[in-house]
Structure formats: structure tokens, C-alpha cells
Amino acid sequence: MKLYEHMAKEVFGRQGIPVPPGRVVTTAEEAADAARELGEVAVKVQILAGGRGKAGGIRFASTPEEAGRVAEELLGTEVRGLVVDRLLVEKKLAIDREFYLGIAVDGAARRPVVIASTQGGVNIEEVPEKLLVRQTVDPTWGLMPYRSRQVARRLDLEGSEARQFSQILVRLFAIFRSLDAELVEINPLALLEDGRLVAADGRLNVDDDALSRHPDLPRVEEGTETERRAREAGLSYVELDGDIAVMANGAGITMATLDIIQHYGGRPANFLDAGGGAGVEPMARAIEILLSRSPRALLINIFGGITRCDDVARAILKVADARGGIEVPLVIRLVGTNEEEGLALLKERGFEAYRTMEEAARRVVAAAAAGNGGDDSGHTRR
Amino acid sequence: MKLYEHMAKEVFGRQGIPVPPGRVVTTAEEAADAARELGEVAVKVQILAGGRGKAGGIRFASTPEEAGRVAEELLGTEVRGLVVDRLLVEKKLAIDREFYLGIAVDGAARRPVVIASTQGGVNIEEVPEKLLVRQTVDPTWGLMPYRSRQVARRLDLEGSEARQFSQILVRLFAIFRSLDAELVEINPLALLEDGRLVAADGRLNVDDDALSRHPDLPRVEEGTETERRAREAGLSYVELDGDIAVMANGAGITMATLDIIQHYGGRPANFLDAGGGAGVEPMARAIEILLSRSPRALLINIFGGITRCDDVARAILKVADARGGIEVPLVIRLVGTNEEEGLALLKERGFEAYRTMEEAARRVVAAAAAGNGGDDSGHTRR
Amino acid sequence: MAILVDEKTRVVIQGATGNQGRFHLAQMLAYGTRVAAGVSPGKGGQEVEGVPVYDTVEQAVLHHGVNASVIFVPAPFCKDAAFEAIDAGLGVVVIITEHIPVHDAMDIMAFARQRGTVVVGPNTFGVISPGKAKLGIMPAQAYAPGPVGIVARSGTLSYEIAAALTAAGLGQSTVVGLGGDRVAGLNFVEVLKRFEEDQATQAVVLVGEIGGTAEEEAAEYIKGMSKPAVAYVAGRSAPPGKRMGHAGAIIERGRGTFEGKVRALEAAGVRVATLPWEVAGLVEEVLSGGGPAGETGPETPLDGE
Amino acid sequence: MAILVDEKTRVVIQGATGNQGRFHLAQMLAYGTRVAAGVSPGKGGQEVEGVPVYDTVEQAVLHHGVNASVIFVPAPFCKDAAFEAIDAGLGVVVIITEHIPVHDAMDIMAFARQRGTVVVGPNTFGVISPGKAKLGIMPAQAYAPGPVGIVARSGTLSYEIAAALTAAGLGQSTVVGLGGDRVAGLNFVEVLKRFEEDQATQAVVLVGEIGGTAEEEAAEYIKGMSKPAVAYVAGRSAPPGKRMGHAGAIIERGRGTFEGKVRALEAAGVRVATLPWEVAGLVEEVLSGGGPAGETGPETPLDGE
């Protein structure tokens with residue numbers, strides 16, 4: 001779960017990391033009020049995506065009136081495809097230099113990794129390797145102050161900058177660990193003209209699998225309406241821009257299924273992994289969700305391990321019953337655990353199924369191209 | 001620093017360890033009020049010493065009136081040499097069995113050690129070894145639930161008892177670590193007739209060296225007035241029941257000095273370690289404290305390492321100046337760092353010093369026996 | 001021969017009395033795996049399929065000398081269960097459970113490393129040495145004993161590929177699932193090293209996917225391997241992923257893409273299949289001496305020792 | 001020969017710019033110790049007595065190959081300093097600082113054990129191998145090179161005894177202060193083992209005190225030692241101590257008393273002095289073949305190798 005900048009900064013501030021004074025607003029009036037209090041301000045759209053500065057999502061205002069006007073212009077617009085419904089109005093900083101500081105999970109090292117640079121800001125991804133300091137941290141004892149001093153040393157920081165940096169890093173790591181973060185990031189970590197280091201931006205992504213341990217954190221929803229419905233049903237679902245809906249069981253096989261469809265010239269409409277031994281009910285829900293997006297064809301590709309083929313068949317029949325038939329060409333590939341039972345159930349109701357991915361993939365691409373699944377489904381399009 | 005039972009139980013309760021409902025009272029009326037609320041109660045003196053049950057410090061009362069009467073009788077009395085100024089009035093428990101559960105620092109293992117027994121209660125120290133479970137815990141990862149289940153298993157606990165016990169142990173260990181405890185102890189950990197496990201008593205000793213990390217903990221003073229004054233001066237001081245006051249530098253040499261005095265037939269009045277390179281001021285304070293107890297003689301035994309002999313001499317002279325002379329026989333043994341300067345300073349003012357512990361010890365014992373230090377001090381007794 | 005597990009492995013099932021644990025304990029027993037004990041806190045004294053259940057792993061070690069565990073306990077309790085297994089000195093711990101918090105996973109891996117325990121998973125289908133032992137949830141009928149070692153990040157896709165190999169008469173020495181989580185125990189390189197040393201393994205199949213840098217690291221190692229390798233990588237059609245902030249991009253620095261992985265593997269002499277069902281054919285080729293495609297291939301004979 | 005430290009030991013002083021650190025750095029240098037660097041965060045680039053100061057231990061290792069540290073930093077920062085030294089791979093870390101929280105000490109010892117670092121202290125006077133190297137705060141004039149190894153819990157008392165030995169012409173191979181805290185790094189047994197293996201040491205002196213069980217454990221080890229041992233134990237006259245609750249009593253179970261310690265040592269063949277100044281005489285006796293008093297003494301020749 002990604003937190004908005006203003007939420008991340010609230011967490012930072014509570015842990016003693018300096019952040020600029022600011023207020024979250026949802027109207028132009030509130031923005032003007034905030035500016036009246038703060039003086040010259042930055043007005044920043046709060047969206048769950050990076051690159052908002054380049055996309056015009058950060059503006060400055062010298063007066064309350066200007067702040068109100070800028071807020072008016074930003075609220076309700078789309079920035080990087082996301083609707084702007086809140087702004088962070090912050091005191092404008094007099095920045096001398098911009099550093100980068102992030103902590104993420106390094107899968108290869110199986111450890112947290114600190115990444116830091118004195119060349120932070122919008123172009124951090126292009127900073128040459130030699131200007132980056134990377135340091136993995138053994139989670140056993142956490143990041144103790146001496147480690148943060150080592151990072152500061154490697155960045156060639158000295159004196160007050162080194163001291164402030166070390167303290168911020170120790171606190172950022174404490175946040176990373178205590179909030180089960182997948183990522184915490186301060187970019188830029190701004191060195192102000194008066195010598196203070198301040199988190200000018202903030203990012204905090206929390207591990208979805210650990211959210212139950214953090215009841216006090218705000219909950220932020222992301223994704224389209226359909227993606228949210230799928231998530232609520234416990235399904236791993238991502239919308240794509242094609243027209244062939246796909247359900248498979250397991251992330252790898254689902255990805256491979258999309259690859260194969262594309263290989264044969266088709267365009268997948270989504271990624272839907274119903275793996276992990278889902279029962280009849282979740283699978284039926286999955287099929288309903290796929291059909292709700294009006295694809296040109298639907299492919300169900302199951303190699304049953306924990307997933308039982310008879311359950312898959314029952315899920316298909318359940319949806320067919322509820323809708324009075326499946327309205328788009330349906331191609332089924334069904335092998336593995338309880339295969340015979342599953343095939344028998346389907347056959348009884350006039351559904352056929354393939355045994356290989358190859359046949360099924362070719363067929364569904366053809367069906368989508370023709371706008372008709374033909375003799376496979378026994379059902380007509382809507 | 002030792003916490004009172006009621007403070008320990010407050011900590012336990014906050015961490016989810018079941019404790020009996022109760023209230024701290026300082027008057028008979030409050031005790032009666034508490035009993036009115038709680039029903040049948042136990043009235044327990046709050047002192048920083050064990051064995052208070054056997055010493056009559058725990059009484060029971062069936063009615064508010066009786067509770068008031070019992071409180072009246074207990075308040076202001078001495079139990080195990082300590083004045084009773086507060087009582088804990090607790091709902092009386094219907095106890096089926098008494099367990100023991102403690103966590104301490106095991107110096108030999110350099111780790112926390114859990115000690116548990118199903119034969120708890122007042123005679124725990126006599127419980128045979130085979131009925132005790134000891135388990136040291138690697139502090140690296142703390143005490144995880146599986147370790148507490150192992151302890152429960154070794155105690156042959158089952159079902160609900162095992163579950164409750166494991167949960168209490170995990171929480172008690174968290175308290176032990178997070179509060180820098182030297183000792184946490186629940187004795188008895190009472191198994192009630194209704195099957196619940198409850199901390200019927202509680203002990204929590206916090207490491208003095210870590211108190212600054214725990215500003216929220218109450219501060220409890222212990223020891224005599226003089227011991228407190230010494231502690232405030234940063235001195236390690238314990239009163240004994242003899243008549244020869246002793247100041248030395250270092251815990252081992254101080255202990256050895258007491259041993260030697262006793263060896264020659266004398267009786268030390270105190271243990272005072274002014275070690276660790278104390279300067280003139282703290283040493284002068286130390287001598288003042290010793291003299292305030294009106295000993296029959298005073299021995300200052302210094303082997304100067306970090307401690308400088310000239311500082312010792314200056315401290316002695318400072319006290320002599322302030323008091324217009326030292327009023328009891330003073331025997332000095334002074335060797336080591338800056339020895340010459342120290343001896344010269346003393347000599348100038350008529351003080352002599354020995355070079356060996358042996359001579360000095362024999363002399364001070366003789367002086368105390370005679371009630372006169374004679375030619376050594378050049379000063380008369382008060 | 002096989003790697004990690006074989007007919008001598010004595011297994012304890014943690015979470016043996018839950019639905020998943022109970023079902024798969026029976027399946028593993030039926031396969032011939034030496035499942036000696038189950039562990040479920042509070043359920044000590046019960047039996048599952050005739051296998052005794054204990055409250056602690058310590059007891060299972062004491063009474064049955066178990067040396068490997070398969071963990072089915074729910075995610076919130078999994079760190080505790082894994083620590084218990086590692087602390088009890090087991091050599092191999094297979095964590096089937098999915099949705100384990102990533103910080104718990106990092107802790108588990110740090111502790112396992114301190115103790116020298118091999119962790120497989122989490123979120124893995126497990127490990128099977130066909131005909132010898134099955135520690136996991138994979139469908140037994142997909143496998144047969146033989147000379148091919150398989151190491152995969154994903155479950156169903158690897159079942160598919162194993163089944164195709166089996167159908168083609170190409171049995172497996174051992175099949176290892178690394179698990180789908182970002183932080184996992186064994187990685188490709190560690191498994192490949194074991195296959196390289198295993199006399200029963202004559203060729204290896206690597207089933208990868210986009211994201212992370214594990215395939216690139218595997219390719220580095222394969223350059224020095226004596227045995228031929230075939231790979232399939234899923235995710236060619238995936239749109240540029242949702243990025244983990246700058247830090248994610250910086251960690252991977254352009255690696256982790258489909259093209260990058262395939263390039264690295266091919267440069268190491270690996271035959272990379274375009275479609276999953278082409279894997280079996282490529283394995284047949286390399287086993288019959290077709291050899292690796294790249295110039296950096298091994299100099300030792302290709303069909304093993 | 002000597003144990004733990006000698007003329008080749010390259011030392012870094014942590015907390016080199018503080019009062020204590022600065023003073024003792026100079027003293028150690030004056031003694032001939034190879035003090036190569038100091039560390040004080042934020043003070044990198046300065047010098048103390050001509051010794052360069054760095055911000056991190058890592059740099060001191062990089063630039064000077066230091067392999068031992070003496071720590072003078074204030075107690076609240078000591079855990080961090082000790083971890084830094086251990087993590088930097090130093091072999092010996094001497095912690096002079098007193099009043100370190102006991103939980104910090106347990107953490108330090110756990111980490112040191114994981115990394116195989118020898119910690120001396122905390123709250124110790126340090127280690128001196130007379131004529132070779134002094135890592136600590138002991139008064140140099142109390143010592144001279146020679147055949148006696150001393151291991152002590154307390155500082156001043158051991159200076160006293162060492163000075164008496166020196167005055168009697170009995171120099172020392174190495175003198176080790178274990179430190180006065182309940183949780184410490186090296187213990188008696190670990191130091192005695194090193195003396196037993198050290199060719200320069202012909203007899204050992206153990207300076208103990210009441211409390212804990214370290215002297216009893218030492219006695220157990222001494223039973224198997226080939227070299228003679230003399231001991232002094234402080235605290236005979238101490239009144240029954242303030243007890244650490246039941247747990248303390250249970251841990252020690254009647255051990256830890258003066259009588260118990262003396263009994264255990266004598267049973268192991270150790271000559272126990274009643275008064276500190278008797279130690280030198282007893283050492284003379286055992287070195288001239290007087291031998292241990294107990295029946296459980298060693299069978300090998302008594303005057304060492």
C-alpha cells in the first residue's frame with residue numbers, strides 16, 4: 001500500500017525527521033488559508049505516482065490569492081492519469097542542494113538496502129553508479145548509528161551535514177522496519193540555504209501482507225474500480241489494454257498465458273491469477289469480473305495442482321447459470337487434479353475443453369479476431 | 001532500581017499480563033473504599049523486600065470495615081525493617097496452584113535466563129533442581145513464542161494452561177527487554193480455580209545504568225538517608241554495622257580493605273568505593289559522609305592509578321579545613337600516581353601516611369579499639 | 001542421487017492439523033515421503049494419518065530425528081514456526097505459506113544464514129525428488145525419476161513444464177520451487193550449484209520470470225557450469241511494471257526486464273524456449289549433445305559425468 | 001610471548017578526543033603500544049598526540065590495519081561503538097567505559113560471539129603485556145615482564161597485587177582485567193585457557209571476588225591445568241548481600257559465596273591467599289616447585305614448559 005506524500009511526511013515528522021510545515025487541502029479556499037499562514041508556498045498534487053513535477057503537478061505561489069488560484073487550477077484535473085482530489089500546501093524551501101535517500105528491500109541480498117546520493121532530485125535514476133552509495137543492512141541488529149555514519153562518510157559529508165544525515169537515516173530505517181515498509185524514500189532530501197536537511201518529498205510503501213499489524217495507518221486504495229473489486233475477492237488482477245480476458249492459476253502460468261496469446265497475435269485484456277487453490281466461489285467471482293469488462297473472448301487456462309478441475313468446472317457452470325449463458329466466446333483448457341470429473345461436468349452442459357495450452361491459445365486468438373468462439377462455447381455473443 | 005509490587009503490576013497489566021484488580025491506598029479509609037468496590041480482599045504492604053508474607057505483611061479482609069481495620073494496623077509499622085507507608089488492596093484470588101516465573105540476567109551465560117517452575121510460592125528457593133526449568137535466551141532475536149511453548153512443554157503444561165503461560169512469558173520477556181530490567185518475577189503466578197493464570201505478585205528491578213532511557217517510569221528511592229546522599233554524589237556506598245569508616249578506590253580493593261580490617265579484629269562501618277578516578281570534590285564529599293556517621297576511626301586506602309594521590313590529599317585537607325580538623329583518628333595509606341606530591345601536601349599540614357595496607361589496617365584497628373588514632377592524625381576526637 | 005531431499009529425509013509437517021497441512025501430509029505420505037511427525041501447538045498427542053503430532057519441533061527432533069520441515073502454518077505465525085524449525089537444527093525448511101510479510105522473510109533468512117539452514121520458499125510449491133521424496137504441494141503425477149534438474153520461481157508453470165518433460169520420457173532428478181516472493185531462501189545459483197555437483201543430474205531447466213535480478217545472476221553462474229541448461233522466462237508481454245519508486249529502479253538499474261534476462265541467459269549458453277512446450281524438445285537436444293548455443297559455454301563434455 | 005595483545009597489536013582508540021581517551025592514548029603511546037589511529041565521530045581529520053583521528057572505525061582499518069580497539073566513549077554510546085568495532089572485524093575490543101546498561105552488554109556479547117571477536121570488559125582496566133603493549137588505564141609502573149599471568153575482576157586490587165609481585169621480582173606475561181560488570185566479555189576460564197597455552201606464562205594468579213559463579217567455573221577448569229595457580233578472593237567479610245530476588249538466588253543456588261569460592265579453588269589445587277600481600281609469596285613457592293595443595297592437581301611438571 002502506497003501512502004500519499006502528506007501521510008509519509010506525517011510519519012516522518014512524528015519520528016523526528018524534519019519536514020516542511022504544510023497542510024493538506026481539498027479546496028481553493030483552504031489552499032489560500034494555508035498560504036496565509038505559511039507565506040510563500042509550494043502547492044503539490046497528492047497522487048500515488050512519481051514524476052508529478054515534470055507533469056505540472058507542483059506549482060509555487062507567493063500570495064494567498066495565487067495559492068487559491070493555483071489550487072483551483074489543479075483540483076479535479078488529471079496528472080499522470082490520476083484525478084487530483086487533494087493538495088499539499090507547504091512552506092516554500094530555499095534549497096541549496098538536493099540529496100537522495102531511500103531504503104528498499106533487496107531481494108537478491110535478502111536484506112534491506114540503503115541507497116543514498118548527494119546528487120538527488122528528479123534525475124536520480126540517471127545518476128552514475130559511482131555517485132550512489134548502496135549499503136545492505138543485516139536486519140538482525142537493525143541500522144545502528146555507526147552504519148549511518150559510514151554512509152555519511154562514503155558520501156563525503158562532513159560536520160553538521162554528516163550529523164543531520166546520520167540521524168535522519170537511523171530514523172528512516174526505524175520507520176522502514178517498524179512499519180513493515182517495502183520502500184521509504186526521501187527525494188529530494190533538501191539541504192537548505194540555512195544548513196538544515198529537510199525531507200522535501202516523502203514516499204512510504206507498506207507491505208500489504210503486513211497491514212494487519214498496523215491498524216493505525218491510514219488505508220489508501222489504489223487502482224481501478226474493477227481492480228479493487230478483484231482485490232476484495234482476494235484475486236490478483238491487473239487490467240491491460242487488450243480484448244482477450246484471461247484466467248489462469250498461478251502468477252507464472254498466467255504471465256506465460258499472456259505471452260502465448262500475444263505470440264499468436266492476440267491482445268490480453270488483463271492479468272488474473274486465481275491460483276493458490278481457490279474454490280468455486282472465488283473462481284466464479286473472477287469470471288464475473290472478467291465478463292464485466294466486456295472482452296471479445298475469454299480464456300480459462302488451468303493446470304490443476306491444488307486447484308481442482310471439478311471446482312473450475314463448477315465455477316464456470318455457476319456463472320453460466322447466473323447469467324443465462326456466457327456471452328462471449330469461452331475457451332477452456334483444463335488438465336490436472338480431478339480432470340475427469342471436471343471435463344464430465346462441462347461436457348454434460350455442452351462445454352468442451354482443450355488439453356494443451358497451445359491449442360487453447362490459438363483458438364482464443366482466432367475467436368477474438370473473428371468476434372466469435374464458434375462451436376467451442378455453444379453460446380452466442382451478447 | 002526496584003519498583004513496588006503495585007508499579008510492577010501496572011506495567012504487567014499494560015502489557016497484557018493478567019493481574020488482580022486492586023488499588024494502592026495510604027489510609028484506612030481508602031482501604032475500606034477499595035474493599036467496598038472489590039469485595040473480599042488481600043491487603044499487602046508495599047515494601048522493597050521479599051518475605052513480607054511470612055513477616056505478617058499480607059492480610060485478608062472479608063468486609064470493608066475489616067479492610068480498614070487491617071490497613072490501620074499495618075500502616076506506619078515496620079515490616080522487615082522498612083516503614084509501611086502504602087498498601088495494595090487487591091481482590092482476593094481463589095488460587096488452585098502456584099507457579100514461579102522469573103527472568104534475570106545470567107552473567108555466566110551473558111544472556112537473559114528464564115526460570116520457571118510449577119512449584120512456585122514462598123518456598124521457591126528450596127524447590128529441587130529437577131522441578132525448575134531454566135532456559136537462557138539469545139538476546140539477538142528475543143524470546144519468540146516457540147521458545148515459550150518449549151518452556152511450557154518442559155513444565156508439562158497442557159491445553160489452556162500452556163497457552164496462557166506461553167503468552168505471559170512472551171509478554172514478560174518483552175517487558176524485561178524493553179524496560180532494561182535486571183529482573184522480572186511473578187511469584188506466585190497463580191492458577192485460579194476458574195482456570196485463569198494471574199500474576200498474584202510482581203517484581204521488576206530496572207538497571208540503574210539504563211534509567212535515563214525510561215523517563216516515564218516512576219522513580220523509587222531505596223536505602224538510608226546517608227546512602228541516598230552518597231548515591232547523589234555518584235559514590236558507591238553501603239552502610240555496615242561496625243565502627244571503622246573506610247574509603248578506598250575500586251570495588252575489589254574496598255572489599256579487600258574491609259576483609260583485612262576484620263582479619264585484624266576490627267569492624268568496618270561501611271563500604272565506600274570512591275574509585276573510577278574521582279576528583280577532589282567527590283572525595284571530599286565522601287569523607288564528609290563518612291564522618292557524618294560518627295565512626296571511631298577512619299581509614300583512607302588509596303592505590304592511585306587513575307585516582308591521583310595529590311587529589312586525595314587535597315580532599316582530606318579540604319575537609320579538615322571545613323571542619324576545623326578531623327574529629328576522629330584518621331589513618332591514611334597513599335601510594336601510586338602523584339604519590340610524592342600527595343605525601344608532601346599532607347606532611348605540610350601534619351598528616352602522615354603509610355605505604356602498605358598491612359600497616360595502615362593494623363593501625364586503624366588499634367586506633368578504633370583505643371578510641372584514639374594518636375600521633376597519626378594530629379587531631380583530637382570530637 | 002538427488003539434491004536437498006531424498007528417501008532418507010525425515011520430515012516434520014508444521015501446521016499438520018490445519019486443512020492444508022492435513023491434506024498434504026497425507027499426499028506426501030502416499031508418495032512415500034518419510035513423514036515422521038507433525039507439529040501443531042496445543043495439539044500435541046493427536047495423530048494425523050497415523051503420524052504423531054507434537055507441540056514443539058524440539059520434541060519431533062527428540063523422538064524422531066526429523067531433519068526437514070514443511071511449513072503450512074498461517075502467514076502471521078510463520079516467522080515463529082520457521083525460527084522454531086531453524087533453531088531446532090533442521091537442515092531443510094520448506095515454507096509453503098504465502099503472504100508472509102517481507103520483513104518477516106528477511107528475518108527468517110538472516111537467522112537461517114546464521115544457523116546454516118537451507119530455506120526453500122516462502123510461497124513455494126516445495127521440492128520433489130521424484131520416486132524418493134516429495135516435500136510440498138506439487139501434483140505427483142507430473143513427475144518421474146530421471147536426469148533433468150528443474151528450478152523454478154513459479155508453481156503451475158513449472159508443473160506444466162515438468163509434465164511435458166515427463167510425457168516426453170525425460171524424468172527429473174529433483175525439482176525445486178524457489179517461491180514467488182521477493183525475499184526467498186534458496187536462489188537459482190544455490191540450486192544450480194547443487195545440480196552441478198549432483199551425479200544424477202545431466203541437464204538443468206530454469207523457469208524464470210520478469211522482475212528482480214535472479215535470472216541474470218543465474219546466467220553468470222551458468223557460464224562456468226559443465227552441464228547444459230535450458231530456460232523459459234515468463235513475462236515477455238508484460239507492460240512496463242508498476243515501479244517500486246526510484247529505489248527499485250536503482251537497485252535493478254535496467255536489469256529485471258524480459259529482454260535483459262533472455263540476453264544474459266543466451267550469452268551464458270542457455271537455450272531459451274520461446275513457448276513453454278518447447279522446453280522438452282530443447283532438453284532432448286542438449287542431452288543428445290546439441291549443446292549450448294552461446295560462445296561462452298563449458299569446455300567439459302556436455303552429457304554429464 | 002604473551003596473550004591477547006603484544007608488540008604487534010595495532011590499536012585504535014574509540015573516543016580518542018574525549019578527556020579520558022586523549023589522556024590514556026598518550027599514556028599507551030608512551031608505553032610503546034602501537035596506537036595507530038583514533039576514532040571520534042565528527043572529529044575526523046584531527047590529530048591527538050600525532051595520531052590521526054577518523055570518523056569511523058572502518059577508515060582506521062582501511063588506512064592503518066588496526067586489529068584491536070580500546071573504547072572510552074560515554075556509556076550511552078558504547079553499544080554503538082562496540083558494534084562498530086566488532087563489525088569492522090577487529091580481533092580484540094577492550095571496553096573501559098563503566099555504567100553500560102546490562103542489556104547493551106548482553107547485545108554486545110551476542111554480536112561479538114557471532115563474529116568471533118574477543119571483548120574485554122566493559123568496566124575493565126584493560127589488558128597489559130608488560131614491555132610489549134598496554135591497552136587500558138592501568139598504572140604502568142606496577143608491572144614488569146615475567147612469567148606470571150594475572151587475571152582479575154577488579155582494577156585497583158589487581159594493581160596492588162601486580163605491584164607486589166613486581167617488587168618481589170616476579171614479572172608478568174600478561175595481566176587481564178575482566179571488568180567489574182555482571183555481563184562481561186572474557187571470563188576467567190577463557191583467559192586461563194590462553195595462559196595454559198602461552199609459553200611465556202609459568203604460573204597464574206586469579207584475583208576474584210564474591211558474587212556470580214565465575215571463580216567456581218575457573219576452579220573446574222584449573223583442575224585440568226598443567227600450570228600452578230594462586231588466588232585471592234575479596235569479600236570474606238561482606239554481609240549476606242542484597243539479593244537479586246528469587247531468580248538471583250536460584251541462578252547461583254548457594255554458589256557465589258566467599259566460602260564456596262575458596263572451597264572450590266582449594267579443591268582444584270589452587271593456593272588461596274588470606275591477605276592480598278601473601279600472593280607474591282605463594283607465587284614464589286609454586287614457581288619454585290611448592291606445587292598445588294589439592295589432590296586433584298595436574299600430573300605434568302609444575303614449573304611449566
# chains A, B, ... in the order shown; residues from 1 in each chain; ligands from 1
$ residues_around --residues "Val205 (chain D)" --least-positions-apart "3" --cutoff "8 Å" --atoms "only C-alpha atoms" --output "PyMOL selection string"
chain D and resi 148-151+229-232+283
$ write_last_selection --atoms "N, CA and C atoms" --output "PDB file, in the first residue's frame"
ATOM      1  N   VAL D 148      54.472 -14.593  35.178  1.00  0.00           N
ATOM      2  CA  VAL D 148      53.195 -14.763  35.871  1.00  0.00           C
ATOM      3  C   VAL D 148      52.045 -14.154  35.069  1.00  0.00           C
ATOM      4  N   GLY D 149      51.018 -14.936  34.840  1.00  0.00           N
ATOM      5  CA  GLY D 149      49.805 -14.414  34.209  1.00  0.00           C
ATOM      6  C   GLY D 149      48.805 -14.045  35.281  1.00  0.00           C
ATOM      7  N   ILE D 150      48.251 -12.846  35.182  1.00  0.00           N
ATOM      8  CA  ILE D 150      47.256 -12.427  36.172  1.00  0.00           C
ATOM      9  C   ILE D 150      45.923 -12.189  35.480  1.00  0.00           C
ATOM     10  N   VAL D 151      44.864 -12.694  36.094  1.00  0.00           N
ATOM     11  CA  VAL D 151      43.521 -12.388  35.598  1.00  0.00           C
ATOM     12  C   VAL D 151      42.693 -11.953  36.803  1.00  0.00           C
ATOM     13  N   ALA D 229      48.442 -22.436  40.122  1.00  0.00           N
ATOM     14  CA  ALA D 229      47.601 -21.254  40.256  1.00  0.00           C
ATOM     15  C   ALA D 229      47.541 -20.790  41.705  1.00  0.00           C
ATOM     16  N   VAL D 230      47.531 -19.460  41.860  1.00  0.00           N
ATOM     17  CA  VAL D 230      47.377 -18.826  43.158  1.00  0.00           C
ATOM     18  C   VAL D 230      46.181 -17.901  43.045  1.00  0.00           C
ATOM     19  N   ALA D 231      45.416 -17.764  44.140  1.00  0.00           N
ATOM     20  CA  ALA D 231      44.240 -16.907  44.057  1.00  0.00           C
ATOM     21  C   ALA D 231      44.093 -16.030  45.281  1.00  0.00           C
ATOM     22  N   TYR D 232      43.439 -14.926  45.102  1.00  0.00           N
ATOM     23  CA  TYR D 232      42.947 -14.124  46.219  1.00  0.00           C
ATOM     24  C   TYR D 232      41.499 -13.788  45.910  1.00  0.00           C
ATOM     25  N   VAL D 283      53.178 -17.302  45.041  1.00  0.00           N
ATOM     26  CA  VAL D 283      53.635 -17.464  43.653  1.00  0.00           C
ATOM     27  C   VAL D 283      55.092 -17.933  43.653  1.00  0.00           C
TER      28      VAL D 283
END
$ residues_around --residues "Arg182 (chain D)" --least-positions-apart "3" --cutoff "12 Å" --atoms "only C-alpha atoms" --output "MDAnalysis selection string"
(chainID B and resid 104:112 182 207) or (chainID D and resid 98:106 121:124 153 178:179 185:187 210:214 248)
$ interface_residues --of "chain C" --to "chain B" --cutoff "12 Å" --atoms "only C-alpha atoms" --output "number ranges by chain"
C: 39-45, 54-60, 77-88, 104, 107-108, 110-111, 114
$ residues_around --residues "Ile17 (chain A)" --least-positions-apart "4" --cutoff "7 Å" --atoms "only C-alpha atoms" --output "PyMOL selection string"
chain A and resi 12-13+168+171
$ write_last_selection --atoms "N, CA, C and O atoms" --output "short mmCIF file (atom, residue, chain, number, x, y, z; two decimals), in the first residue's frame"
data_model
loop_
_atom_site.label_atom_id
_atom_site.label_comp_id
_atom_site.auth_asym_id
_atom_site.auth_seq_id
_atom_site.Cartn_x
_atom_site.Cartn_y
_atom_site.Cartn_z
N PHE A 12 7.12 10.67 9.03
CA PHE A 12 8.50 11.14 9.18
C PHE A 12 8.59 12.13 10.34
O PHE A 12 9.46 12.02 11.21
N GLY A 13 7.69 13.12 10.32
CA GLY A 13 7.73 14.16 11.34
C GLY A 13 7.59 13.58 12.74
O GLY A 13 8.30 13.98 13.67
N ILE A 168 18.93 11.30 10.42
CA ILE A 168 17.76 11.06 9.57
C ILE A 168 17.76 9.62 9.09
O ILE A 168 16.72 8.95 9.09
N ARG A 171 16.64 7.19 11.77
CA ARG A 171 15.19 7.30 12.00
C ARG A 171 14.40 6.74 10.83
O ARG A 171 13.36 6.11 11.01
#
$ calpha_fit_rmsd --fixed "chain A" --moving "chain B"
0.1 Å
$ atom_distance --atom1 "CA of Asp96 (chain B)" --atom2 "CA of Glu193 (chain B)"
5.1 Å
$ atom_distance --atom1 "CA of Glu259 (chain C)" --atom2 "CA of Ala360 (chain A)"
25.9 Å
$ select_by_dssp --residues "region 11-151 of chain D" --states "helix (DSSP H, G or I)" --output "PyMOL selection string"
chain D and resi 19-31+57-64+75-87+102-115+140-142
$ residues_around --residues "Leu131 (chain A)" --least-positions-apart "2" --cutoff "9 Å" --atoms "only C-alpha atoms" --output "JSON, numbers by chain"
{"A": [116, 117, 118, 119, 127, 128, 129, 133, 155]}
$ closest_residue --among "C:Gly146, C:Pro276, C:Gly32, C:Pro74" --to "Ala16 (chain C)" --atoms "only C-alpha atoms"
C:Pro74
$ atom_distance --atom1 "CA of Asp85 (chain B)" --atom2 "CA of Thr26 (chain B)"
6.2 Å
$ closest_residue --among "D:Phe258, D:Gln202, D:Glu216, D:Arg113" --to "chain C" --atoms "only C-alpha atoms"
D:Arg113
$ residues_around --residues "Val191 (chain D)" --least-positions-apart "3" --cutoff "12 Å" --atoms "only C-alpha atoms" --output "MDAnalysis selection string"
chainID D and resid 2:4 118:120 127 149:153 174:178 185:188 194:198 201 204:206 214 218 221:222
$ write_last_selection --atoms "C-alpha atoms" --output "PDB file, in the first residue's frame"
ATOM      1  CA  ALA D   2      52.005 -13.131  25.844  1.00  0.00           C
ATOM      2  CA  ILE D   3      48.262 -13.485  25.429  1.00  0.00           C
ATOM      3  CA  LEU D   4      45.669 -11.298  23.650  1.00  0.00           C
ATOM      4  CA  VAL D 118      37.185 -11.142  21.883  1.00  0.00           C
ATOM      5  CA  VAL D 119      35.652  -8.479  24.131  1.00  0.00           C
ATOM      6  CA  VAL D 120      37.464  -7.453  27.325  1.00  0.00           C
ATOM      7  CA  VAL D 127      44.981  -5.723  29.237  1.00  0.00           C
ATOM      8  CA  GLY D 149      49.805 -14.414  34.209  1.00  0.00           C
ATOM      9  CA  ILE D 150      47.256 -12.427  36.172  1.00  0.00           C
ATOM     10  CA  VAL D 151      43.521 -12.388  35.598  1.00  0.00           C
ATOM     11  CA  ALA D 152      41.379 -10.191  37.807  1.00  0.00           C
ATOM     12  CA  ARG D 153      37.822  -8.964  38.188  1.00  0.00           C
ATOM     13  CA  THR D 174      50.025 -10.610  30.602  1.00  0.00           C
ATOM     14  CA  VAL D 175      47.575  -9.066  33.055  1.00  0.00           C
ATOM     15  CA  VAL D 176      43.904  -9.163  32.088  1.00  0.00           C
ATOM     16  CA  GLY D 177      41.059  -7.261  33.715  1.00  0.00           C
ATOM     17  CA  LEU D 178      37.727  -8.985  33.194  1.00  0.00           C
ATOM     18  CA  GLY D 185      33.274 -10.499  27.560  1.00  0.00           C
ATOM     19  CA  LEU D 186      36.204 -12.694  28.539  1.00  0.00           C
ATOM     20  CA  ASN D 187      35.757 -14.764  31.673  1.00  0.00           C
ATOM     21  CA  PHE D 188      38.308 -16.477  33.945  1.00  0.00           C
ATOM     22  CA  ARG D 194      45.096 -18.805  26.932  1.00  0.00           C
ATOM     23  CA  PHE D 195      47.631 -18.731  29.790  1.00  0.00           C
ATOM     24  CA  GLU D 196      47.764 -22.526  29.744  1.00  0.00           C
ATOM     25  CA  GLU D 197      48.741 -22.396  26.063  1.00  0.00           C
ATOM     26  CA  ASP D 198      51.109 -19.453  26.411  1.00  0.00           C
ATOM     27  CA  THR D 201      53.368 -17.999  31.357  1.00  0.00           C
ATOM     28  CA  VAL D 204      48.726 -17.846  37.063  1.00  0.00           C
ATOM     29  CA  VAL D 205      47.188 -15.559  39.634  1.00  0.00           C
ATOM     30  CA  LEU D 206      43.442 -15.244  39.845  1.00  0.00           C
ATOM     31  CA  ALA D 214      32.977 -17.260  37.703  1.00  0.00           C
ATOM     32  CA  ALA D 218      37.531 -21.254  36.922  1.00  0.00           C
ATOM     33  CA  TYR D 221      38.963 -25.626  34.593  1.00  0.00           C
ATOM     34  CA  ILE D 222      42.067 -25.330  36.765  1.00  0.00           C
TER      35      ILE D 222
END
$ residues_around --residues "region 86-92 of chain A" --least-positions-apart "4" --cutoff "7 Å" --atoms "only C-alpha atoms" --output "PyMOL selection string"
chain A and resi 6+20-26+31+34+38-46+75
